[in-house]
file upload.txt (compact mmCIF, N, CA and C atoms)
# COMPACT_ATOMS: atom_id res chain seq x y z
N MET A 475 34.46 26.11 24.06
CA MET A 475 34.71 25.05 23.09
C MET A 475 34.02 23.75 23.51
N VAL A 476 34.04 23.43 24.80
CA VAL A 476 33.44 22.19 25.29
C VAL A 476 31.92 22.24 25.10
N ILE A 477 31.31 23.38 25.38
CA ILE A 477 29.86 23.51 25.25
C ILE A 477 29.46 23.31 23.79
N ARG A 478 30.21 23.91 22.88
CA ARG A 478 29.90 23.76 21.46
C ARG A 478 30.01 22.30 21.04
N GLY A 479 30.96 21.56 21.53
CA GLY A 479 31.14 20.14 21.21
C GLY A 479 30.00 19.30 21.76
N ILE A 480 29.53 19.64 22.98
CA ILE A 480 28.42 18.92 23.58
C ILE A 480 27.15 19.17 22.78
N GLY A 481 26.94 20.40 22.34
CA GLY A 481 25.76 20.74 21.54
C GLY A 481 25.73 19.95 20.23
N LYS A 482 26.87 19.82 19.59
CA LYS A 482 26.94 19.04 18.36
C LYS A 482 26.66 17.57 18.64
N TRP A 483 27.18 17.07 19.76
CA TRP A 483 26.96 15.67 20.12
C TRP A 483 25.47 15.41 20.32
N TRP A 484 24.77 16.32 21.03
CA TRP A 484 23.33 16.15 21.25
C TRP A 484 22.55 16.20 19.94
N LEU A 485 22.96 17.08 19.04
CA LEU A 485 22.29 17.17 17.74
C LEU A 485 22.47 15.86 16.96
N VAL A 486 23.68 15.34 16.94
CA VAL A 486 23.94 14.08 16.23
C VAL A 486 23.14 12.94 16.89
N ALA A 487 23.11 12.89 18.21
CA ALA A 487 22.38 11.84 18.93
C ALA A 487 20.88 11.93 18.63
N ALA A 488 20.34 13.14 18.63
CA ALA A 488 18.91 13.32 18.36
C ALA A 488 18.56 12.91 16.93
N LEU A 489 19.39 13.30 15.98
CA LEU A 489 19.14 12.92 14.59
C LEU A 489 19.26 11.41 14.39
N THR A 490 20.22 10.79 15.04
CA THR A 490 20.39 9.34 14.95
C THR A 490 19.18 8.62 15.53
N ALA A 491 18.73 9.05 16.71
CA ALA A 491 17.57 8.43 17.35
C ALA A 491 16.34 8.59 16.47
N SER A 492 16.17 9.76 15.88
CA SER A 492 15.03 10.02 15.00
C SER A 492 15.08 9.09 13.79
N ALA A 493 16.25 8.92 13.20
CA ALA A 493 16.38 8.04 12.04
C ALA A 493 16.07 6.60 12.41
N VAL A 494 16.52 6.15 13.57
CA VAL A 494 16.27 4.78 14.01
C VAL A 494 14.79 4.57 14.25
N LEU A 495 14.13 5.51 14.93
CA LEU A 495 12.70 5.38 15.19
C LEU A 495 11.89 5.41 13.90
N THR A 496 12.25 6.29 12.99
CA THR A 496 11.55 6.39 11.72
C THR A 496 11.72 5.12 10.90
N SER A 497 12.94 4.58 10.85
CA SER A 497 13.16 3.37 10.06
C SER A 497 12.42 2.19 10.66
N GLY A 498 12.19 2.18 11.95
CA GLY A 498 11.44 1.10 12.58
C GLY A 498 9.98 1.11 12.18
N CYS A 499 9.45 2.25 11.75
CA CYS A 499 8.06 2.37 11.36
C CYS A 499 7.86 2.16 9.87
N THR A 500 8.94 2.15 9.12
CA THR A 500 8.84 2.01 7.68
C THR A 500 8.71 0.55 7.30
N TYR A 501 7.79 0.26 6.40
CA TYR A 501 7.58 -1.10 5.93
C TYR A 501 8.19 -1.22 4.55
N LEU A 502 9.15 -2.12 4.39
CA LEU A 502 9.75 -2.36 3.10
C LEU A 502 8.97 -3.46 2.40
N VAL A 503 8.57 -3.20 1.17
CA VAL A 503 7.75 -4.14 0.41
C VAL A 503 8.65 -5.05 -0.42
N ASP A 504 8.43 -6.35 -0.28
CA ASP A 504 9.09 -7.33 -1.14
C ASP A 504 8.12 -7.61 -2.28
N THR A 505 8.41 -7.06 -3.46
CA THR A 505 7.47 -7.16 -4.58
C THR A 505 7.24 -8.60 -5.02
N ASP A 506 8.18 -9.49 -4.75
CA ASP A 506 7.98 -10.91 -5.09
C ASP A 506 6.88 -11.55 -4.24
N GLU A 507 6.61 -10.97 -3.07
CA GLU A 507 5.59 -11.51 -2.18
C GLU A 507 4.20 -10.90 -2.40
N LEU A 508 4.09 -9.90 -3.26
CA LEU A 508 2.79 -9.25 -3.48
C LEU A 508 1.75 -10.12 -4.17
N PRO A 509 2.09 -10.88 -5.22
CA PRO A 509 1.05 -11.68 -5.87
C PRO A 509 0.37 -12.65 -4.90
N GLY A 510 -0.93 -12.82 -5.09
CA GLY A 510 -1.70 -13.72 -4.25
C GLY A 510 -3.11 -13.20 -4.05
N MET A 511 -3.88 -13.93 -3.24
CA MET A 511 -5.27 -13.57 -2.95
C MET A 511 -5.33 -12.75 -1.66
N TYR A 512 -6.02 -11.61 -1.72
CA TYR A 512 -6.24 -10.75 -0.56
C TYR A 512 -7.75 -10.72 -0.31
N ARG A 513 -8.15 -10.83 0.97
CA ARG A 513 -9.58 -10.93 1.28
C ARG A 513 -9.91 -10.11 2.53
N ASN A 514 -11.14 -9.57 2.53
CA ASN A 514 -11.68 -8.95 3.72
C ASN A 514 -12.79 -9.88 4.20
N ASP A 515 -12.57 -10.54 5.34
CA ASP A 515 -13.53 -11.53 5.83
C ASP A 515 -14.89 -10.92 6.16
N ALA A 516 -14.92 -9.67 6.61
CA ALA A 516 -16.19 -9.05 6.99
C ALA A 516 -17.09 -8.78 5.79
N THR A 517 -16.49 -8.33 4.66
CA THR A 517 -17.29 -7.98 3.49
C THR A 517 -17.31 -9.07 2.43
N GLY A 518 -16.33 -9.98 2.48
CA GLY A 518 -16.20 -11.00 1.45
C GLY A 518 -15.48 -10.52 0.21
N GLY A 519 -15.06 -9.26 0.19
CA GLY A 519 -14.34 -8.71 -0.96
C GLY A 519 -12.99 -9.37 -1.14
N GLU A 520 -12.61 -9.60 -2.40
CA GLU A 520 -11.34 -10.25 -2.70
C GLU A 520 -10.65 -9.57 -3.88
N ILE A 521 -9.32 -9.57 -3.82
CA ILE A 521 -8.50 -9.14 -4.95
C ILE A 521 -7.42 -10.18 -5.15
N LEU A 522 -7.30 -10.65 -6.39
CA LEU A 522 -6.26 -11.60 -6.76
C LEU A 522 -5.24 -10.88 -7.62
N LEU A 523 -4.01 -10.77 -7.11
CA LEU A 523 -2.91 -10.20 -7.87
C LEU A 523 -2.12 -11.35 -8.47
N GLU A 524 -2.11 -11.44 -9.79
CA GLU A 524 -1.41 -12.52 -10.50
C GLU A 524 0.05 -12.12 -10.76
N ARG A 525 0.92 -13.10 -10.86
CA ARG A 525 2.34 -12.86 -11.13
C ARG A 525 2.57 -12.23 -12.50
N ASP A 526 1.64 -12.43 -13.45
CA ASP A 526 1.82 -11.87 -14.79
C ASP A 526 1.42 -10.40 -14.88
N GLY A 527 1.05 -9.79 -13.73
CA GLY A 527 0.70 -8.37 -13.71
C GLY A 527 -0.76 -8.08 -13.92
N THR A 528 -1.60 -9.11 -13.94
CA THR A 528 -3.04 -8.89 -14.04
C THR A 528 -3.67 -9.05 -12.66
N PHE A 529 -4.90 -8.53 -12.52
CA PHE A 529 -5.62 -8.69 -11.26
C PHE A 529 -7.10 -8.86 -11.55
N SER A 530 -7.80 -9.42 -10.58
CA SER A 530 -9.26 -9.47 -10.62
C SER A 530 -9.77 -9.15 -9.21
N ALA A 531 -10.86 -8.41 -9.15
CA ALA A 531 -11.47 -8.02 -7.88
C ALA A 531 -12.92 -8.47 -7.88
N ASN A 532 -13.37 -9.05 -6.77
CA ASN A 532 -14.76 -9.50 -6.63
C ASN A 532 -15.37 -8.93 -5.36
N ASP A 533 -16.56 -8.33 -5.49
CA ASP A 533 -17.29 -7.76 -4.35
C ASP A 533 -16.47 -6.77 -3.55
N VAL A 534 -15.78 -5.86 -4.26
CA VAL A 534 -14.90 -4.88 -3.61
C VAL A 534 -15.50 -3.49 -3.71
N SER A 535 -15.57 -2.80 -2.58
CA SER A 535 -15.98 -1.41 -2.53
C SER A 535 -14.73 -0.59 -2.23
N THR A 536 -14.37 0.31 -3.14
CA THR A 536 -13.12 1.07 -2.99
C THR A 536 -13.26 2.33 -2.15
N ASN A 537 -14.49 2.74 -1.84
CA ASN A 537 -14.68 3.90 -0.96
C ASN A 537 -16.05 3.82 -0.30
N SER A 538 -16.32 4.76 0.59
CA SER A 538 -17.55 4.71 1.38
C SER A 538 -18.81 5.02 0.57
N SER A 539 -18.67 5.58 -0.63
CA SER A 539 -19.86 5.96 -1.40
C SER A 539 -20.18 4.99 -2.54
N SER A 540 -19.38 3.95 -2.72
CA SER A 540 -19.66 3.01 -3.79
C SER A 540 -20.01 1.64 -3.23
N GLY A 541 -20.86 0.94 -3.94
CA GLY A 541 -21.22 -0.41 -3.55
C GLY A 541 -20.19 -1.40 -4.05
N PRO A 542 -20.30 -2.65 -3.62
CA PRO A 542 -19.37 -3.68 -4.08
C PRO A 542 -19.45 -3.87 -5.59
N ALA A 543 -18.29 -4.10 -6.21
CA ALA A 543 -18.23 -4.29 -7.65
C ALA A 543 -17.17 -5.33 -8.00
N ASP A 544 -17.28 -5.85 -9.20
CA ASP A 544 -16.27 -6.74 -9.76
C ASP A 544 -15.55 -5.97 -10.86
N PHE A 545 -14.24 -6.05 -10.89
CA PHE A 545 -13.47 -5.40 -11.94
C PHE A 545 -12.13 -6.11 -12.08
N SER A 546 -11.43 -5.83 -13.18
CA SER A 546 -10.15 -6.48 -13.43
C SER A 546 -9.27 -5.55 -14.24
N GLY A 547 -8.03 -5.96 -14.45
CA GLY A 547 -7.10 -5.16 -15.23
C GLY A 547 -5.68 -5.58 -14.97
N ARG A 548 -4.79 -4.60 -14.98
CA ARG A 548 -3.37 -4.83 -14.75
C ARG A 548 -2.95 -4.09 -13.49
N TRP A 549 -1.92 -4.63 -12.81
CA TRP A 549 -1.41 -3.99 -11.61
C TRP A 549 0.09 -3.83 -11.71
N GLU A 550 0.59 -2.81 -10.98
CA GLU A 550 2.04 -2.63 -10.84
C GLU A 550 2.33 -1.97 -9.51
N PHE A 551 3.48 -2.29 -8.95
CA PHE A 551 3.90 -1.69 -7.68
C PHE A 551 4.61 -0.39 -7.97
N VAL A 552 4.22 0.68 -7.26
CA VAL A 552 4.85 1.99 -7.42
C VAL A 552 5.64 2.29 -6.15
N ASP A 553 6.96 2.30 -6.30
CA ASP A 553 7.87 2.59 -5.19
C ASP A 553 8.10 4.09 -5.19
N SER A 554 7.34 4.80 -4.37
CA SER A 554 7.36 6.26 -4.37
C SER A 554 8.37 6.79 -3.38
N SER A 555 9.17 7.75 -3.83
CA SER A 555 10.16 8.34 -2.93
C SER A 555 9.57 9.53 -2.17
N THR A 556 8.40 10.03 -2.60
CA THR A 556 7.84 11.21 -1.94
C THR A 556 6.57 10.91 -1.15
N THR A 557 5.86 9.83 -1.47
CA THR A 557 4.65 9.47 -0.73
C THR A 557 4.72 7.99 -0.37
N SER A 558 3.64 7.45 0.13
CA SER A 558 3.60 6.03 0.47
C SER A 558 3.65 5.18 -0.79
N ASP A 559 4.31 4.03 -0.69
CA ASP A 559 4.32 3.07 -1.78
C ASP A 559 2.92 2.53 -1.96
N PHE A 560 2.58 2.14 -3.19
CA PHE A 560 1.25 1.60 -3.43
C PHE A 560 1.25 0.68 -4.63
N ILE A 561 0.18 -0.10 -4.74
CA ILE A 561 -0.07 -0.94 -5.90
C ILE A 561 -1.07 -0.18 -6.75
N TYR A 562 -0.71 0.07 -8.01
CA TYR A 562 -1.61 0.79 -8.90
C TYR A 562 -2.42 -0.23 -9.69
N LEU A 563 -3.74 -0.18 -9.54
CA LEU A 563 -4.64 -1.06 -10.26
C LEU A 563 -5.20 -0.30 -11.47
N ASP A 564 -4.77 -0.67 -12.67
CA ASP A 564 -5.25 -0.06 -13.91
C ASP A 564 -6.46 -0.87 -14.37
N VAL A 565 -7.64 -0.32 -14.15
CA VAL A 565 -8.89 -1.04 -14.37
C VAL A 565 -9.25 -1.06 -15.86
N ASP A 566 -9.53 -2.26 -16.38
CA ASP A 566 -9.97 -2.42 -17.78
C ASP A 566 -11.29 -1.70 -18.00
N GLY A 567 -11.47 -1.15 -19.20
CA GLY A 567 -12.76 -0.58 -19.58
C GLY A 567 -13.00 0.84 -19.12
N ARG A 568 -12.04 1.45 -18.50
CA ARG A 568 -12.22 2.85 -18.10
C ARG A 568 -11.72 3.72 -19.24
N GLY A 569 -12.52 4.66 -19.67
CA GLY A 569 -12.18 5.48 -20.83
C GLY A 569 -11.58 6.82 -20.45
N ILE A 570 -11.32 7.63 -21.46
CA ILE A 570 -10.78 8.97 -21.26
C ILE A 570 -11.79 9.78 -20.46
N GLY A 571 -11.32 10.53 -19.50
CA GLY A 571 -12.20 11.36 -18.69
C GLY A 571 -12.66 10.65 -17.42
N GLU A 572 -12.46 9.35 -17.33
CA GLU A 572 -12.80 8.62 -16.12
C GLU A 572 -11.52 8.32 -15.37
N ILE A 573 -11.64 8.07 -14.10
CA ILE A 573 -10.48 7.65 -13.33
C ILE A 573 -10.12 6.26 -13.83
N SER A 574 -8.90 6.11 -14.32
CA SER A 574 -8.54 4.84 -14.93
C SER A 574 -7.92 3.86 -13.95
N GLY A 575 -7.56 4.31 -12.78
CA GLY A 575 -6.91 3.40 -11.87
C GLY A 575 -7.23 3.67 -10.42
N ILE A 576 -6.78 2.75 -9.59
CA ILE A 576 -7.03 2.79 -8.15
C ILE A 576 -5.72 2.53 -7.43
N GLN A 577 -5.49 3.25 -6.36
CA GLN A 577 -4.30 3.02 -5.55
C GLN A 577 -4.66 2.14 -4.37
N LEU A 578 -3.89 1.09 -4.20
CA LEU A 578 -4.07 0.11 -3.14
C LEU A 578 -2.79 0.15 -2.31
N TYR A 579 -2.87 0.67 -1.09
CA TYR A 579 -1.67 0.91 -0.28
C TYR A 579 -1.24 -0.33 0.48
N THR A 580 0.06 -0.57 0.48
CA THR A 580 0.63 -1.66 1.26
C THR A 580 0.80 -1.13 2.68
N SER A 581 0.22 -1.82 3.66
CA SER A 581 0.21 -1.27 5.02
C SER A 581 0.93 -2.15 6.04
N GLY A 582 1.48 -3.20 5.62
CA GLY A 582 2.19 -4.10 6.53
C GLY A 582 2.25 -5.46 5.89
N ARG A 583 3.00 -6.32 6.46
CA ARG A 583 3.19 -7.64 5.86
C ARG A 583 1.84 -8.35 5.67
N GLY A 584 1.49 -8.53 4.39
CA GLY A 584 0.29 -9.29 4.07
C GLY A 584 -1.01 -8.52 4.08
N THR A 585 -0.98 -7.18 4.18
CA THR A 585 -2.22 -6.41 4.12
C THR A 585 -2.10 -5.28 3.09
N VAL A 586 -3.23 -4.99 2.44
CA VAL A 586 -3.33 -3.86 1.52
C VAL A 586 -4.63 -3.13 1.86
N GLU A 587 -4.67 -1.81 1.56
CA GLU A 587 -5.82 -0.99 1.96
C GLU A 587 -6.17 0.03 0.89
N PHE A 588 -7.47 0.26 0.70
CA PHE A 588 -7.94 1.35 -0.14
C PHE A 588 -8.07 2.57 0.76
N SER A 589 -7.80 3.73 0.20
CA SER A 589 -8.00 4.97 0.93
C SER A 589 -8.41 6.04 -0.05
N THR A 590 -9.24 6.96 0.42
CA THR A 590 -9.60 8.13 -0.35
C THR A 590 -9.20 9.35 0.47
N PRO A 591 -8.91 10.49 -0.19
CA PRO A 591 -8.47 11.67 0.56
C PRO A 591 -9.46 12.07 1.65
N ASP A 592 -8.94 12.44 2.80
CA ASP A 592 -9.72 12.94 3.93
C ASP A 592 -10.72 11.94 4.50
N GLU A 593 -10.56 10.65 4.23
CA GLU A 593 -11.43 9.63 4.79
C GLU A 593 -10.58 8.53 5.42
N PRO A 594 -11.12 7.82 6.38
CA PRO A 594 -10.38 6.69 6.95
C PRO A 594 -10.28 5.57 5.91
N TRP A 595 -9.46 4.58 6.21
CA TRP A 595 -9.33 3.43 5.30
C TRP A 595 -10.71 2.85 5.05
N SER A 596 -11.03 2.63 3.79
CA SER A 596 -12.37 2.13 3.48
C SER A 596 -12.42 0.61 3.41
N LEU A 597 -11.32 -0.05 3.13
CA LEU A 597 -11.32 -1.50 3.06
C LEU A 597 -9.91 -2.02 3.28
N VAL A 598 -9.75 -2.94 4.20
CA VAL A 598 -8.47 -3.58 4.47
C VAL A 598 -8.59 -5.03 4.04
N LEU A 599 -7.65 -5.49 3.22
CA LEU A 599 -7.64 -6.87 2.73
C LEU A 599 -6.37 -7.54 3.23
N THR A 600 -6.49 -8.77 3.67
CA THR A 600 -5.37 -9.53 4.20
C THR A 600 -5.07 -10.69 3.27
N LYS A 601 -3.79 -10.92 3.02
CA LYS A 601 -3.39 -12.00 2.14
C LYS A 601 -3.75 -13.34 2.78
N VAL A 602 -4.35 -14.22 1.99
CA VAL A 602 -4.71 -15.54 2.48
C VAL A 602 -3.72 -16.56 1.96
N SER A 603 -3.52 -17.59 2.72
CA SER A 603 -2.58 -18.64 2.35
C SER A 603 -3.10 -19.43 1.16
N ALA A 604 -2.17 -19.86 0.32
CA ALA A 604 -2.56 -20.73 -0.79
C ALA A 604 -3.08 -22.03 -0.24
N GLN A 605 -4.14 -22.53 -0.86
CA GLN A 605 -4.74 -23.76 -0.34
C GLN A 605 -4.56 -24.90 -1.30
call {"tool": "encode", "arguments": {"input": "upload.txt", "output": "structure tokens"}}
result
Amino acid sequence: MVIRGIGKWWLVAALTASAVLTSGCTYLVDTDELPGMYRNDATGGEILLERDGTFSANDVSTNSSSGPADFSGRWEFVDSSTTSDFIYLDVDGRGIGEISGIQLYTSGRGTVEFSTPDEPWSLVLTKVSAQ
């Protein structure tokens, strides 16, 4: 009986430690803090997320095979329970049959990143202070 009790205690302790470690790595997004200017100093690329749900991007390359471009549209935060949370950029002017949006992942306080499957992060943008 004592051995069985000790085994349960170790299982509970291991699960608790795992939950604590996992929660320490999770970044909770405050959607009120998302609007603002994000910039990559190395490339000069910028994305402005407006409070009204619109965005504009200047000199932004979303993956390793595309050159810098300017685009705009609407954005919304997607709080995903099965994958990473992300900002969905619905790009104006994209028609049926084309990819209509881009996922911009929140990676920590004040940073967002583009990613494509099986590739490293292609662009990291950091929020800049209002001037």
call {"tool": "atom_distance", "arguments": {"input": "upload.txt", "atom1": "CA of Phe529 (chain A)", "atom2": "atom C of Ser546 (chain A)"}}
result
5.7 Å
call {"tool": "residues_around", "arguments": {"input": "upload.txt", "residues": "Phe545 (chain A)", "least_positions_apart": "3", "cutoff": "6 Å", "atoms": "all atoms listed in the file", "output": "PyMOL selection string"}}
result
chain A and resi 529-532
call {"tool": "closest_residue", "arguments": {"input": "upload.txt", "among": "A:Arg513, A:Arg548, A:Lys601, A:Arg583", "to": "Gly527 (chain A)", "atoms": "only C-alpha atoms"}}
result
A:Arg548
call {"tool": "atom_distance", "arguments": {"input": "upload.txt", "atom1": "atom N of Phe560 (chain A)", "atom2": "atom N of Leu578 (chain A)"}}
result
6.6 Å
call {"tool": "atom_distance", "arguments": {"input": "upload.txt", "atom1": "atom N of Gly541 (chain A)", "atom2": "CA of Ser554 (chain A)"}}
result
28.7 Å
call {"tool": "closest_residue", "arguments": {"input": "upload.txt", "among": "A:Tyr579, A:Val503, A:Asp566, A:Glu550", "to": "Arg525 (chain A)", "atoms": "only C-alpha atoms"}}
result
A:Glu550
call {"tool": "residues_around", "arguments": {"input": "upload.txt", "residues": "region 514-520 of chain A", "least_positions_apart": "2", "cutoff": "6.5 Å", "atoms": "only N, CA and C atoms", "output": "list in words"}}
result
Tyr512, Leu522, Ser530, Ala531, Asn532, Asp533, Val534, Ser535, Val598, Leu599 and Thr600 of chain A
call {"tool": "write_last_selection", "arguments": {"input": "upload.txt", "atoms": "N, CA and C atoms", "output": "JSON list (two decimals), in the coordinates of the input"}}
result
[["chain", "number", "residue", "atom", "x", "y", "z"],
["A", 512, "TYR", "N", -6.02, -11.61, -1.72],
["A", 512, "TYR", "CA", -6.24, -10.75, -0.56],
["A", 512, "TYR", "C", -7.75, -10.72, -0.31],
["A", 522, "LEU", "N", -7.30, -10.65, -6.39],
["A", 522, "LEU", "CA", -6.26, -11.60, -6.76],
["A", 522, "LEU", "C", -5.24, -10.88, -7.62],
["A", 530, "SER", "N", -7.80, -9.42, -10.58],
["A", 530, "SER", "CA", -9.26, -9.47, -10.62],
["A", 530, "SER", "C", -9.77, -9.15, -9.21],
["A", 531, "ALA", "N", -10.86, -8.41, -9.15],
["A", 531, "ALA", "CA", -11.47, -8.02, -7.88],
["A", 531, "ALA", "C", -12.92, -8.47, -7.88],
["A", 532, "ASN", "N", -13.37, -9.05, -6.77],
["A", 532, "ASN", "CA", -14.76, -9.50, -6.63],
["A", 532, "ASN", "C", -15.37, -8.93, -5.36],
["A", 533, "ASP", "N", -16.56, -8.33, -5.49],
["A", 533, "ASP", "CA", -17.29, -7.76, -4.35],
["A", 533, "ASP", "C", -16.47, -6.77, -3.55],
["A", 534, "VAL", "N", -15.78, -5.86, -4.26],
["A", 534, "VAL", "CA", -14.90, -4.88, -3.61],
["A", 534, "VAL", "C", -15.50, -3.49, -3.71],
["A", 535, "SER", "N", -15.57, -2.80, -2.58],
["A", 535, "SER", "CA", -15.98, -1.41, -2.53],
["A", 535, "SER", "C", -14.73, -0.59, -2.23],
["A", 598, "VAL", "N", -9.75, -2.94, 4.20],
["A", 598, "VAL", "CA", -8.47, -3.58, 4.47],
["A", 598, "VAL", "C", -8.59, -5.03, 4.04],
["A", 599, "LEU", "N", -7.65, -5.49, 3.22],
["A", 599, "LEU", "CA", -7.64, -6.87, 2.73],
["A", 599, "LEU", "C", -6.37, -7.54, 3.23],
["A", 600, "THR", "N", -6.49, -8.77, 3.67],
["A", 600, "THR", "CA", -5.37, -9.53, 4.20],
["A", 600, "THR", "C", -5.07, -10.69, 3.27]]
call {"tool": "axis_aligned_box", "arguments": {"input": "upload.txt", "around": "region 537-554 of chain A", "padding_each_side": "3 Å", "output": "lines of an AutoDock Vina configuration file"}}
result
center_x = -6.4
center_y = 0.0
center_z = -6.9
size_x = 35.6
size_y = 19.5
size_z = 22.6
call {"tool": "closest_residue", "arguments": {"input": "upload.txt", "among": "A:Glu587, A:Leu597, A:Ser581, A:Phe551", "to": "Thr505 (chain A)", "atoms": "only N, CA and C atoms"}}
result
A:Phe551
call {"tool": "residues_around", "arguments": {"input": "upload.txt", "residues": "Thr580 (chain A)", "least_positions_apart": "4", "cutoff": "9 Å", "atoms": "only C-alpha atoms", "output": "PDB file with N, CA and C atoms, keeping the file's coordinate frame"}}
result
ATOM      1  N   TYR A 501       7.790   0.260   6.400  1.00  0.00           N
ATOM      2  CA  TYR A 501       7.580  -1.100   5.930  1.00  0.00           C
ATOM      3  C   TYR A 501       8.190  -1.220   4.550  1.00  0.00           C
ATOM      4  N   VAL A 503       8.570  -3.200   1.170  1.00  0.00           N
ATOM      5  CA  VAL A 503       7.750  -4.140   0.410  1.00  0.00           C
ATOM      6  C   VAL A 503       8.650  -5.050  -0.420  1.00  0.00           C
ATOM      7  N   SER A 558       3.640   7.450   0.130  1.00  0.00           N
ATOM      8  CA  SER A 558       3.600   6.030   0.470  1.00  0.00           C
ATOM      9  C   SER A 558       3.650   5.180  -0.790  1.00  0.00           C
ATOM     10  N   ASP A 559       4.310   4.030  -0.690  1.00  0.00           N
ATOM     11  CA  ASP A 559       4.320   3.070  -1.780  1.00  0.00           C
ATOM     12  C   ASP A 559       2.920   2.530  -1.960  1.00  0.00           C
ATOM     13  N   PHE A 560       2.580   2.140  -3.190  1.00  0.00           N
ATOM     14  CA  PHE A 560       1.250   1.600  -3.430  1.00  0.00           C
ATOM     15  C   PHE A 560       1.250   0.680  -4.630  1.00  0.00           C
ATOM     16  N   ILE A 561       0.180  -0.100  -4.740  1.00  0.00           N
ATOM     17  CA  ILE A 561      -0.070  -0.940  -5.900  1.00  0.00           C
ATOM     18  C   ILE A 561      -1.070  -0.180  -6.750  1.00  0.00           C
ATOM     19  N   GLY A 584       1.490  -8.530   4.390  1.00  0.00           N
ATOM     20  CA  GLY A 584       0.290  -9.290   4.070  1.00  0.00           C
ATOM     21  C   GLY A 584      -1.010  -8.520   4.080  1.00  0.00           C
ATOM     22  N   THR A 585      -0.980  -7.180   4.180  1.00  0.00           N
ATOM     23  CA  THR A 585      -2.220  -6.410   4.120  1.00  0.00           C
ATOM     24  C   THR A 585      -2.100  -5.280   3.090  1.00  0.00           C
ATOM     25  N   VAL A 586      -3.230  -4.990   2.440  1.00  0.00           N
ATOM     26  CA  VAL A 586      -3.330  -3.860   1.520  1.00  0.00           C
ATOM     27  C   VAL A 586      -4.630  -3.130   1.860  1.00  0.00           C
ATOM     28  N   GLU A 587      -4.670  -1.810   1.560  1.00  0.00           N
ATOM     29  CA  GLU A 587      -5.820  -0.990   1.960  1.00  0.00           C
ATOM     30  C   GLU A 587      -6.170   0.030   0.890  1.00  0.00           C
TER      31      GLU A 587
END
